[in-house]
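Content type compact mmCIF, C-alpha atoms, from the file data_3.txt:
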```
# COMPACT_ATOMS: atom_id res chain seq x y z
CA MET I 95 120.47 117.15 171.62
CA LYS I 96 117.49 114.80 171.60
CA PRO I 97 114.03 116.44 171.84
CA LEU I 98 113.18 114.92 175.25
CA GLU I 99 116.57 115.17 176.94
CA ASP I 100 116.32 116.30 180.60
CA TYR I 101 112.83 114.80 180.95
CA LEU I 102 112.52 112.14 183.65
CA ILE I 103 109.99 109.33 183.17
CA ILE I 104 109.20 107.00 186.09
CA ASP I 105 107.63 103.91 184.55
CA PHE I 106 105.79 101.29 186.64
CA SER I 107 104.39 99.51 183.58
CA GLN I 108 104.94 95.87 182.60
CA PHE I 109 104.37 93.59 179.61
CA LEU I 110 104.02 95.45 176.29
CA SER I 111 101.59 98.38 176.20
CA GLY I 112 103.14 100.73 178.78
CA PRO I 113 106.77 99.78 178.09
CA SER I 114 106.22 100.41 174.36
CA ALA I 115 105.17 103.98 175.21
CA SER I 116 108.17 104.63 177.45
CA LEU I 117 110.45 103.03 174.83
CA ARG I 118 109.40 105.64 172.29
CA LEU I 119 109.98 108.45 174.81
CA ALA I 120 113.40 106.99 175.65
CA ASP I 121 114.21 106.82 171.92
CA MET I 122 113.64 110.57 171.74
CA GLY I 123 115.96 111.30 174.62
CA ALA I 124 113.92 110.97 177.82
CA ARG I 125 115.48 109.28 180.81
CA VAL I 126 113.27 106.31 181.71
CA ILE I 127 113.61 104.67 185.12
CA LYS I 128 111.75 101.37 185.16
CA ILE I 129 110.30 100.48 188.58
CA GLU I 130 110.41 96.71 189.16
CA LYS I 131 109.61 94.21 191.86
CA PRO I 132 112.74 92.83 193.55
CA GLY I 133 113.48 89.20 192.70
CA THR I 134 111.14 88.84 189.71
CA GLY I 135 110.93 92.25 188.05
CA ASP I 136 108.70 92.90 185.07
CA ILE I 137 106.77 89.70 184.35
CA CYS I 138 107.78 90.22 180.72
CA ARG I 139 111.33 89.16 181.67
CA THR I 140 110.06 85.56 181.59
CA LEU I 141 107.42 85.93 178.86
CA TYR I 142 109.26 83.88 176.26
CA THR I 143 108.65 84.05 172.51
CA SER I 144 109.37 80.78 170.71
CA ASP I 145 111.33 79.70 173.82
CA LEU I 146 114.03 82.22 172.87
CA ILE I 147 116.19 83.11 175.87
CA MET I 148 118.60 86.03 175.48
CA ASN I 149 121.16 86.42 178.24
CA GLY I 150 118.89 84.59 180.65
CA GLU I 151 115.70 86.53 179.89
CA SER I 152 112.92 86.88 177.34
CA SER I 153 113.56 88.41 173.93
CA VAL I 154 110.30 90.34 174.37
CA PHE I 155 111.70 92.12 177.43
CA HIS I 156 114.96 92.98 175.69
CA THR I 157 113.12 94.29 172.63
CA ILE I 158 110.82 96.70 174.42
CA ASN I 159 112.97 97.86 177.34
CA ARG I 160 116.20 98.95 175.69
CA ASN I 161 117.72 102.28 176.73
CA LYS I 162 116.05 102.23 180.18
CA GLU I 163 117.26 101.99 183.77
CA SER I 164 115.97 99.47 186.30
CA PHE I 165 115.18 100.39 189.91
CA ALA I 166 114.08 97.38 191.95
CA ILE I 167 112.08 98.42 195.02
CA ASP I 168 109.32 96.86 197.11
CA PHE I 169 107.10 99.91 197.32
CA LYS I 170 104.50 97.99 199.32
CA GLN I 171 106.84 98.46 202.29
CA PRO I 172 106.25 101.88 203.97
CA GLU I 173 109.94 102.80 204.20
CA GLU I 174 110.52 101.86 200.54
CA LEU I 175 107.40 103.75 199.47
CA ALA I 176 108.79 106.85 201.19
CA LYS I 177 111.98 106.52 199.13
CA LEU I 178 109.99 106.07 195.97
CA LYS I 179 107.93 109.20 196.64
CA LYS I 180 111.16 111.20 196.83
CA LEU I 181 111.95 109.98 193.34
CA LEU I 182 108.45 110.72 192.05
CA ALA I 183 108.76 114.29 193.30
CA LYS I 184 111.50 114.80 190.68
CA ALA I 185 109.62 113.19 187.78
CA ASP I 186 108.17 114.91 184.75
CA VAL I 187 106.05 111.86 183.95
CA VAL I 188 104.77 108.98 186.09
CA MET I 189 103.18 106.13 184.18
CA HIS I 190 101.72 102.66 184.82
CA ASN I 191 99.47 100.01 183.30
CA PHE I 192 98.07 98.36 186.43
CA ARG I 193 94.41 97.46 186.69
CA PRO I 194 92.13 100.23 187.99
CA GLY I 195 92.49 100.66 191.76
CA VAL I 196 95.97 99.14 192.18
CA MET I 197 97.90 102.43 192.40
CA GLU I 198 95.19 103.85 194.66
CA ARG I 199 95.60 100.97 197.12
CA ILE I 200 99.37 101.45 197.16
CA GLY I 201 99.00 105.16 197.86
CA LEU I 202 100.29 106.33 194.46
CA SER I 203 97.10 107.56 192.81
CA TYR I 204 97.21 110.68 190.65
CA GLU I 205 95.93 112.75 193.57
CA GLU I 206 98.60 111.38 195.94
CA VAL I 207 101.44 111.89 193.48
CA GLN I 208 100.11 115.35 192.66
CA LYS I 209 100.51 116.32 196.33
CA ILE I 210 104.28 115.81 196.11
CA ASN I 211 104.62 116.84 192.46
CA PRO I 212 101.85 119.34 191.56
CA ASN I 213 102.74 119.65 187.85
CA VAL I 214 103.29 115.96 187.20
CA VAL I 215 102.05 114.31 184.01
CA TYR I 216 100.44 111.10 185.29
CA ALA I 217 99.67 108.58 182.57
CA SER I 218 97.99 105.18 182.69
CA ILE I 219 96.90 102.37 180.42
CA SER I 220 94.12 100.05 181.49
CA GLY I 221 92.52 97.15 179.70
CA TYR I 222 88.96 98.44 179.66
CA GLY I 223 88.85 101.78 181.49
CA SER I 224 87.57 102.35 185.02
CA LYS I 225 83.83 101.91 184.36
CA GLY I 226 81.50 99.28 183.02
CA ALA I 227 81.13 95.51 183.11
CA PHE I 228 84.49 94.88 181.42
CA LYS I 229 86.68 96.94 183.77
CA ASP I 230 87.97 94.04 185.89
CA LEU I 231 88.73 91.69 183.00
CA PRO I 232 92.37 90.90 182.19
CA GLY I 233 93.77 93.37 179.67
CA GLN I 234 95.46 90.90 177.34
CA ASP I 235 95.86 91.52 173.62
CA LEU I 236 94.12 88.42 172.22
CA LEU I 237 91.19 88.93 174.58
CA LEU I 238 90.84 92.55 173.47
CA GLN I 239 91.00 91.57 169.80
CA SER I 240 88.23 89.06 170.48
CA LEU I 241 85.95 91.41 172.41
CA THR I 242 86.25 94.32 169.97
CA ALA I 243 85.32 92.44 166.76
CA LEU I 244 88.82 92.76 165.25
CA THR I 245 88.93 89.02 164.62
CA TRP I 246 86.10 89.25 162.07
CA LEU I 247 88.12 91.45 159.70
CA THR I 248 91.06 89.12 158.97
CA GLY I 249 90.96 85.81 157.08
CA ASN I 250 88.39 84.57 154.59
CA GLU I 251 84.62 84.24 154.98
CA GLY I 252 84.70 80.60 156.05
CA ASP I 253 87.64 80.85 158.42
CA GLY I 254 85.79 81.91 161.55
CA PRO I 255 87.36 84.63 163.73
CA VAL I 256 91.06 85.18 162.97
CA PRO I 257 93.33 87.26 165.27
CA MET I 258 96.14 89.40 163.94
CA GLY I 259 99.59 87.85 164.30
CA LEU I 260 100.93 90.70 166.43
CA SER I 261 100.03 92.21 169.81
CA ILE I 262 98.45 95.05 167.91
CA VAL I 263 96.18 96.38 170.67
CA ASP I 264 99.12 96.60 173.09
CA MET I 265 101.14 98.57 170.56
CA LEU I 266 98.26 100.89 169.68
CA ALA I 267 97.53 101.67 173.32
CA GLY I 268 101.22 102.38 173.90
CA ALA I 269 101.30 104.73 170.91
CA HIS I 270 98.22 106.56 172.16
CA LEU I 271 99.71 106.92 175.64
CA ALA I 272 102.93 108.36 174.20
CA GLN I 273 100.88 110.83 172.15
CA GLY I 274 98.93 111.91 175.23
CA ILE I 275 102.13 112.31 177.26
CA LEU I 276 103.78 114.44 174.57
CA ALA I 277 100.70 116.69 174.33
CA ALA I 278 100.65 117.06 178.13
CA LEU I 279 104.37 117.87 178.26
CA TYR I 280 103.84 120.61 175.69
CA ARG I 281 101.03 122.07 177.78
CA LYS I 282 103.21 121.78 180.87
CA VAL I 283 105.88 123.89 179.18
CA THR I 284 103.43 126.50 177.85
CA GLN I 285 100.98 126.68 180.78
CA ASN I 286 102.91 125.19 183.73
CA VAL I 287 100.23 122.63 184.58
CA GLY I 288 100.32 118.85 184.83
CA ALA I 289 97.80 116.36 183.50
CA LEU I 290 96.11 113.02 184.01
CA ILE I 291 96.38 110.92 180.83
CA GLU I 292 94.17 107.84 180.58
CA VAL I 293 94.20 105.32 177.75
CA SER I 294 92.42 101.98 177.57
CA MET I 295 93.24 99.11 175.27
CA LEU I 296 89.52 98.79 174.62
CA GLU I 297 89.23 102.31 173.25
CA SER I 298 92.47 101.95 171.29
CA ALA I 299 91.05 98.86 169.59
CA PHE I 300 87.86 100.75 168.74
CA ASP I 301 89.82 103.71 167.37
CA PHE I 302 91.88 101.33 165.22
CA GLN I 303 88.61 100.41 163.47
CA PHE I 304 87.33 103.94 162.92
CA GLU I 305 86.80 103.31 159.19
CA THR I 306 84.95 100.03 159.56
CA ILE I 307 82.89 101.17 162.56
CA THR I 308 81.86 104.35 160.74
CA THR I 309 80.86 102.26 157.73
CA PHE I 310 78.79 99.94 159.94
CA PHE I 311 76.88 102.83 161.53
CA ASN I 312 76.15 104.48 158.19
CA ASP I 313 75.50 101.44 156.01
CA GLY I 314 72.32 100.11 157.56
CA GLY I 315 74.06 98.22 160.33
CA GLU I 316 75.37 95.57 157.96
CA LEU I 317 78.08 93.40 159.52
CA PRO I 318 81.38 93.24 157.64
CA VAL I 319 81.55 90.27 155.27
CA ARG I 320 84.94 88.92 154.25
CA THR I 321 85.36 87.55 150.76
CA LYS I 322 85.29 83.79 150.27
CA THR I 323 88.92 83.78 149.13
CA ASN I 324 91.86 86.22 149.02
CA ASN I 325 90.32 88.56 151.61
CA ALA I 326 92.36 91.56 152.77
CA ASN I 327 89.63 94.05 153.70
CA ALA I 328 86.01 93.21 154.38
CA TYR I 329 84.84 96.55 153.02
CA LEU I 330 86.85 96.72 149.80
CA GLY I 331 85.96 95.13 146.49
CA ALA I 332 88.10 93.15 144.09
CA PRO I 333 90.94 92.86 143.38
CA TYR I 334 92.02 93.82 146.92
CA GLY I 335 93.82 90.80 148.34
CA ILE I 336 96.81 88.45 148.28
CA TYR I 337 97.05 85.88 145.48
CA GLN I 338 99.15 82.78 144.98
CA THR I 339 101.33 82.72 141.89
CA LYS I 340 103.32 79.92 140.28
CA ASN I 341 106.28 80.50 142.62
CA GLY I 342 104.96 82.52 145.55
CA TYR I 343 102.43 85.21 146.40
CA MET I 344 101.65 88.76 145.33
CA SER I 345 99.25 91.42 146.54
CA LEU I 346 96.88 93.59 144.55
CA ALA I 347 95.32 96.74 145.96
CA MET I 348 92.59 98.88 144.43
CA GLY I 349 92.44 98.84 140.63
CA SER I 350 90.20 98.81 137.58
CA ILE I 351 89.06 95.32 136.67
CA PRO I 352 88.80 96.04 132.91
CA VAL I 353 92.35 97.47 132.97
CA LEU I 354 93.64 94.44 134.84
CA ALA I 355 91.90 92.11 132.41
CA GLU I 356 93.76 93.71 129.50
CA LEU I 357 97.15 93.86 131.23
CA LEU I 358 96.95 90.27 132.45
CA SER I 359 95.51 88.99 129.15
CA CYS I 360 92.74 87.32 131.09
CA GLU I 361 89.76 86.74 128.79
CA GLU I 362 87.51 85.43 131.56
CA LEU I 363 88.05 88.61 133.58
CA LYS I 364 86.78 90.74 130.70
CA GLN I 365 83.21 89.67 131.46
CA PHE I 366 83.27 92.03 134.45
CA PRO I 367 83.00 95.57 133.07
CA GLU I 368 82.92 97.27 136.47
CA ASN I 369 84.31 96.85 140.00
CA LYS I 370 80.96 95.87 141.44
CA PHE I 371 81.21 95.12 145.15
CA THR I 372 78.59 92.39 144.86
CA LEU I 373 80.74 90.56 142.27
CA ARG I 374 83.98 90.60 144.24
CA ASP I 375 83.93 86.85 145.05
CA ASP I 376 83.48 85.97 141.38
CA ILE I 377 86.18 88.40 140.27
CA LYS I 378 88.66 87.15 142.85
CA SER I 379 87.99 83.55 141.90
CA VAL I 380 88.91 84.25 138.28
CA LEU I 381 91.96 86.31 139.26
CA ALA I 382 93.19 83.66 141.69
CA ALA I 383 93.14 80.94 139.04
CA HIS I 384 94.77 83.12 136.38
CA LEU I 385 97.61 84.45 138.54
CA GLN I 386 98.74 80.91 139.37
CA THR I 387 99.77 80.37 135.76
CA GLN I 388 102.92 82.56 135.97
CA ASP I 389 105.61 83.56 138.49
CA SER I 390 105.19 86.63 140.69
CA GLU I 391 107.99 88.43 138.84
CA TYR I 392 106.26 87.89 135.51
CA TRP I 393 103.09 89.61 136.69
CA LEU I 394 104.91 92.38 138.58
CA ASN I 395 106.94 93.24 135.47
CA ILE I 396 103.66 93.82 133.65
CA LEU I 397 101.70 95.60 136.37
CA GLU I 398 104.30 97.86 138.00
CA PRO I 399 105.19 99.81 134.79
CA ALA I 400 101.44 100.32 134.26
CA ASP I 401 101.21 101.96 137.72
CA ILE I 402 99.01 99.19 139.11
CA TRP I 403 99.28 98.98 142.92
CA CYS I 404 100.86 95.61 143.52
CA ALA I 405 103.70 94.05 145.49
CA ASN I 406 105.63 90.87 146.05
CA VAL I 407 104.83 89.10 149.32
CA LEU I 408 108.08 88.70 151.23
CA ASN I 409 109.12 86.80 154.33
CA TYR I 410 111.74 88.17 156.76
CA GLU I 411 114.63 86.51 154.97
CA GLN I 412 113.60 87.94 151.63
CA LEU I 413 112.79 91.36 153.08
CA PHE I 414 116.11 91.83 154.84
CA ALA I 415 117.95 91.04 151.60
CA GLN I 416 116.20 93.90 149.80
CA GLU I 417 118.16 97.09 149.08
CA GLY I 418 115.01 99.03 150.01
CA PHE I 419 115.31 97.68 153.55
CA ARG I 420 119.09 97.94 153.88
CA VAL I 421 119.15 101.60 152.90
CA LEU I 422 116.96 102.47 155.90
CA ASP I 423 119.66 101.38 158.37
CA PHE I 424 116.82 100.15 160.57
CA VAL I 425 118.77 97.59 162.61
CA GLN I 426 120.92 98.68 165.54
CA GLU I 427 123.14 96.69 167.88
CA VAL I 428 122.85 97.43 171.59
CA GLU I 429 124.90 96.29 174.57
CA MET I 430 123.99 95.40 178.15
CA THR I 431 126.16 96.29 181.13
CA ASP I 432 127.61 92.76 181.24
CA GLY I 433 128.75 93.02 177.61
CA TYR I 434 125.91 90.98 176.08
CA ARG I 435 125.05 92.44 172.65
CA TYR I 436 122.01 91.92 170.46
CA LYS I 437 120.45 93.31 167.31
CA THR I 438 117.08 95.03 167.37
CA THR I 439 115.15 97.73 165.54
CA ARG I 440 115.63 101.48 165.98
CA CYS I 441 113.15 104.29 166.50
CA PRO I 442 111.17 104.85 163.26
CA ILE I 443 111.01 108.65 163.75
CA ARG I 444 113.46 111.09 162.18
CA ILE I 445 113.68 114.74 163.21
CA ASP I 446 115.68 117.13 161.05
CA GLY I 447 117.04 114.08 159.25
CA GLU I 448 118.49 112.57 162.43
CA LEU I 449 118.13 108.90 163.28
CA PHE I 450 117.49 108.17 166.94
CA THR I 451 119.76 105.29 167.90
CA PHE I 452 121.33 104.34 171.23
CA GLY I 453 123.86 101.70 172.10
CA LYS I 454 122.29 101.05 175.50
CA ALA I 455 120.38 97.76 175.78
CA SER I 456 117.78 96.58 178.30
CA PRO I 457 118.70 96.72 182.00
CA LYS I 458 119.45 93.89 184.36
CA LEU I 459 116.96 93.82 187.23
CA GLY I 460 117.91 96.52 189.74
CA GLN I 461 121.17 97.34 187.99
CA ASP I 462 120.74 101.09 188.57
CA ASN I 463 119.64 101.00 192.22
CA GLU I 464 122.89 102.27 193.68
CA ASN I 465 123.25 105.17 191.26
CA ILE I 466 119.60 106.23 191.57
CA ILE I 467 119.63 106.10 195.37
CA LYS I 468 122.77 108.21 195.47
CA GLU I 469 121.75 110.71 192.76
CA PHE I 470 118.29 111.39 194.18
CA ASN I 471 119.31 111.09 197.84
CA LEU I 472 116.82 108.32 198.56
CA CYS I 473 118.56 106.99 201.65
```

Could I get this file's structure written as structure tokens?
Amino acid sequence: MKPLEDYLIIDFSQFLSGPSASLRLADMGARVIKIEKPGTGDICRTLYTSDLIMNGESSVFHTINRNKESFAIDFKQPEELAKLKKLLAKADVVMHNFRPGVMERIGLSYEEVQKINPNVVYASISGYGSKGAFKDLPGQDLLLQSLTALTWLTGNEGDGPVPMGLSIVDMLAGAHLAQGILAALYRKVTQNVGALIEVSMLESAFDFQFETITTFFNDGGELPVRTKTNNANAYLGAPYGIYQTKNGYMSLAMGSIPVLAELLSCEELKQFPENKFTLRDDIKSVLAAHLQTQDSEYWLNILEPADIWCANVLNYEQLFAQEGFRVLDFVQEVEMTDGYRYKTTRCPIRIDGELFTFGKASPKLGQDNENIIKEFNLC
């Protein structure tokens, strides 16, 4: 039995942040009913990545909405809203990621839902919270990365602002929402009370930087400075970074420079007796030139036995060929109701050694309407 079996999640969320939270709950056994607009559904159905269309819809939608049901309903219509409220009365969790005020205008605010379901866990993600000058701005990942200074931590000193290559703020906000929901469900079981869970992408982006922000506040207000080359962390000294070798790239984490100088037989590096933060550009410059003289495997065969923190830099093709990846059994194949099958990742959490995998893929728009209407007597 999965940990969240018998829990019903009604999910109004779209795009990535909210659906990523409900995906994790579904992975652990919760029943997730996705509320969608008739005709178009979740906008993410047509948010294409690299123009990849899978069974007529976006790969992004399929990735983040597997193992869910779809209930298409125009809840702006009074008679449809009445049906929806019947469903919400049965829910353990109601969640959305609309802008502040949208659910209130529809008549589905926390207070309204609480009237029909007093112990409900009501969870929301917003872009910037419900207060302040930012609150009405669009909550999109790149914009949040830009506004929260994340773009000044990646890349080298002369690169200008560089965003991360993933929708990291969406994923973080989704993870935080799932954490809040799980905590509230525990309290609901132990104290028989519901909860209002609120997460903003803005605060998730700030929390992601707790180390760097704390350093800024306690280091004289000095802005983070990336190294001129091979930067991987604006607050860490050499050798921390990724370096080109004769046939590829390798990464070096924290380590003693004198020890590295001996292991790598690098005479020029021996002039640096300590890991001085102020010398990190000079140290990295010497390292970068020296490491290009041999293949990655040559250096790794020297450094790994000496317990130096280092790694090969792999692309997807190289990664998926590794025994270390294959042994995880991290890829699962799922199937839609029309027989369309696709490969995707599984839940990364194990409980009592059990992997949480499901064969159920993402839903067609409104595919579960008939069953939901009948089961919950929504007529």

Taking all atoms listed in the file into account, which of I:Arg320, I:Lys229, I:Lys282, I:Arg118 comes nearest Thr245 in chain I? I:Arg320

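The residue that comes closest to Gly342 in chain I, out of I:Glu174, I:Asp389, I:Asp432, I:Asp253 and on the basis of all atoms listed in the file, is I:Asp389.
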
Can you tell me, as a PDB file with C-alpha atoms, in the coordinates of the input, what residues are no more than 10 Å from Pro255 in chain I when counting all atoms listed in the file, ignoring any on the same chain fewer than 5 positions away?
```pdb
ATOM      1  CA  GLN I 239      91.000  91.570 169.800  1.00  0.00           C
ATOM      2  CA  SER I 240      88.230  89.060 170.480  1.00  0.00           C
ATOM      3  CA  ALA I 243      85.320  92.440 166.760  1.00  0.00           C
ATOM      4  CA  LEU I 244      88.820  92.760 165.250  1.00  0.00           C
ATOM      5  CA  THR I 245      88.930  89.020 164.620  1.00  0.00           C
ATOM      6  CA  TRP I 246      86.100  89.250 162.070  1.00  0.00           C
ATOM      7  CA  LEU I 247      88.120  91.450 159.700  1.00  0.00           C
ATOM      8  CA  THR I 248      91.060  89.120 158.970  1.00  0.00           C
ATOM      9  CA  GLY I 249      90.960  85.810 157.080  1.00  0.00           C
ATOM     10  CA  ASN I 250      88.390  84.570 154.590  1.00  0.00           C
TER      11      ASN I 250
END
```

Give me, as a PyMOL selection string, all polymer residues having an atom no more than 10 Å from range 447-464 of chain I, counting only C-alpha atoms and skipping those fewer than 3 positions away in the same chain. chain I and resi 96+120-123+127-136+139+149+151+155-167+422-444+467-469+472

What separates CA of Glu305 in chain I and CA of Met344 in chain I is a distance of 25.0 Å

Could you list, with a cut-off of 12 Å and counting only C-alpha atoms, the residues of range 265-294 of chain I near range 181-187 of chain I, each shown with its nearest atom pair and the distance in Å rounded to one decimal, rows sorted by chain and ascending number, as CSV?
```
residue,atom,partner,partner_atom,distance
I:Leu271,CA,I:Val187,CA,11.6
I:Ala272,CA,I:Val187,CA,10.8
I:Gly274,CA,I:Val187,CA,11.3
I:Ile275,CA,I:Val187,CA,7.8
I:Leu276,CA,I:Val187,CA,10.0
I:Ala278,CA,I:Val187,CA,9.5
I:Leu279,CA,I:Asp186,CA,8.1
I:Tyr280,CA,I:Asp186,CA,11.5
I:Lys282,CA,I:Asp186,CA,9.3
I:Val283,CA,I:Asp186,CA,10.8
I:Asn286,CA,I:Asp186,CA,11.6
I:Val287,CA,I:Asp186,CA,11.1
I:Gly288,CA,I:Asp186,CA,8.8
I:Ala289,CA,I:Val187,CA,9.4
I:Leu290,CA,I:Val187,CA,10.0
I:Ile291,CA,I:Val187,CA,10.2
```

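Minimum atom-to-atom distance to Asp401 in chain I, evaluated using all atoms listed in the file, belongs to I:Ser350 out of I:Ser294, I:Gln338, I:Ser350, I:Asn191.
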
With all atoms listed in the file as the counted atoms, please give the residues lying no more than 12 Å from Leu237 in chain I, apart from itself and same-chain residues fewer than 4 positions off, as a count of residues only. 20

Kindly assemble as CSV a list of the range 272-350 of chain I residues that lie within 6 Å of range 368-376 of chain I, each paired with its nearest atom pair and their distance in Å to one decimal, using all atoms listed in the file, sorted first by chain and then by ascending residue number.
```
residue,atom,partner,partner_atom,distance
I:Thr321,CA,I:Asp375,CA,5.9
I:Gly331,CA,I:Phe371,CA,4.9
I:Ala332,CA,I:Arg374,CA,4.8
```

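Counting all atoms listed in the file, the residue from I:Ile445, I:Leu117, I:Ile103, I:Pro318 that sits nearest to Val215 in chain I is I:Ile103.
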
Axis-aligned box for all listed atoms of range 414-421 of chain I, 4 Å per side, centre and edges in Å to one decimal, as JSON:
```
{"center_x": 117.1, "center_y": 96.3, "center_z": 152.0, "size_x": 12.1, "size_y": 18.6, "size_z": 13.8}
```

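Between Ile104 in chain I and the residues I:Glu356, I:Ile466, I:Ile396, I:Ile137, the shortest atom-to-atom distance, using all atoms listed in the file, involves I:Ile466.
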
Quick check, in Å to one decimal: how far apart do CA of Leu119 in chain I and CA of Leu98 in chain I lie? 7.2 Å

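One finds CA of Tyr329 in chain I at 9.8 Å from CA of Phe310 in chain I.
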
Assuming the input is short of atoms at range 285-302 of chain I, produce N, CA, C and O atoms for that part as a CSV table (one decimal), in the frame of the given file.
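Saved as rebuild.csv:
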```
chain,number,residue,atom,x,y,z
I,285,GLN,N,101.9,126.2,179.8
I,285,GLN,CA,101.0,126.7,180.8
I,285,GLN,C,101.3,126.3,182.2
I,285,GLN,O,100.6,126.7,183.1
I,286,ASN,N,102.4,125.6,182.4
I,286,ASN,CA,102.9,125.2,183.7
I,286,ASN,C,101.9,124.4,184.5
I,286,ASN,O,101.7,124.7,185.7
I,287,VAL,N,101.2,123.5,183.9
I,287,VAL,CA,100.2,122.6,184.6
I,287,VAL,C,100.5,121.2,184.2
I,287,VAL,O,101.0,120.9,183.1
I,288,GLY,N,100.2,120.3,185.1
I,288,GLY,CA,100.3,118.8,184.8
I,288,GLY,C,99.1,118.3,184.2
I,288,GLY,O,98.2,119.0,183.7
I,289,ALA,N,98.9,117.0,184.2
I,289,ALA,CA,97.8,116.4,183.5
I,289,ALA,C,97.6,114.9,183.9
I,289,ALA,O,98.6,114.3,184.4
I,290,LEU,N,96.4,114.4,183.8
I,290,LEU,CA,96.1,113.0,184.0
I,290,LEU,C,95.8,112.5,182.6
I,290,LEU,O,94.8,112.9,182.0
I,291,ILE,N,96.6,111.5,182.1
I,291,ILE,CA,96.4,110.9,180.8
I,291,ILE,C,95.9,109.5,181.0
I,291,ILE,O,96.5,108.7,181.7
I,292,GLU,N,94.7,109.2,180.4
I,292,GLU,CA,94.2,107.8,180.6
I,292,GLU,C,93.9,107.2,179.2
I,292,GLU,O,93.2,107.9,178.4
I,293,VAL,N,94.4,106.1,179.0
I,293,VAL,CA,94.2,105.3,177.8
I,293,VAL,C,93.7,103.9,178.1
I,293,VAL,O,94.2,103.3,179.1
I,294,SER,N,92.8,103.4,177.4
I,294,SER,CA,92.4,102.0,177.6
I,294,SER,C,92.7,101.2,176.3
I,294,SER,O,92.5,101.7,175.2
I,295,MET,N,93.1,100.0,176.4
I,295,MET,CA,93.2,99.1,175.3
I,295,MET,C,91.9,99.0,174.5
I,295,MET,O,91.9,98.9,173.3
I,296,LEU,N,90.8,98.9,175.2
I,296,LEU,CA,89.5,98.8,174.6
I,296,LEU,C,89.3,99.9,173.6
I,296,LEU,O,88.9,99.7,172.5
I,297,GLU,N,89.5,101.2,174.1
I,297,GLU,CA,89.2,102.3,173.2
I,297,GLU,C,90.2,102.4,172.1
I,297,GLU,O,89.9,102.8,171.0
I,298,SER,N,91.5,102.0,172.4
I,298,SER,CA,92.5,102.0,171.3
I,298,SER,C,92.1,101.0,170.2
I,298,SER,O,92.3,101.2,169.0
I,299,ALA,N,91.5,99.8,170.6
I,299,ALA,CA,91.0,98.9,169.6
I,299,ALA,C,89.9,99.4,168.8
I,299,ALA,O,89.7,99.1,167.6
I,300,PHE,N,89.0,100.1,169.5
I,300,PHE,CA,87.9,100.8,168.7
I,300,PHE,C,88.4,101.8,167.8
I,300,PHE,O,87.9,101.9,166.6
I,301,ASP,N,89.3,102.6,168.2
I,301,ASP,CA,89.8,103.7,167.4
I,301,ASP,C,90.5,103.1,166.2
I,301,ASP,O,90.5,103.7,165.1
I,302,PHE,N,91.2,102.0,166.3
I,302,PHE,CA,91.9,101.3,165.2
I,302,PHE,C,90.9,101.0,164.1
I,302,PHE,O,91.3,100.9,162.9
```
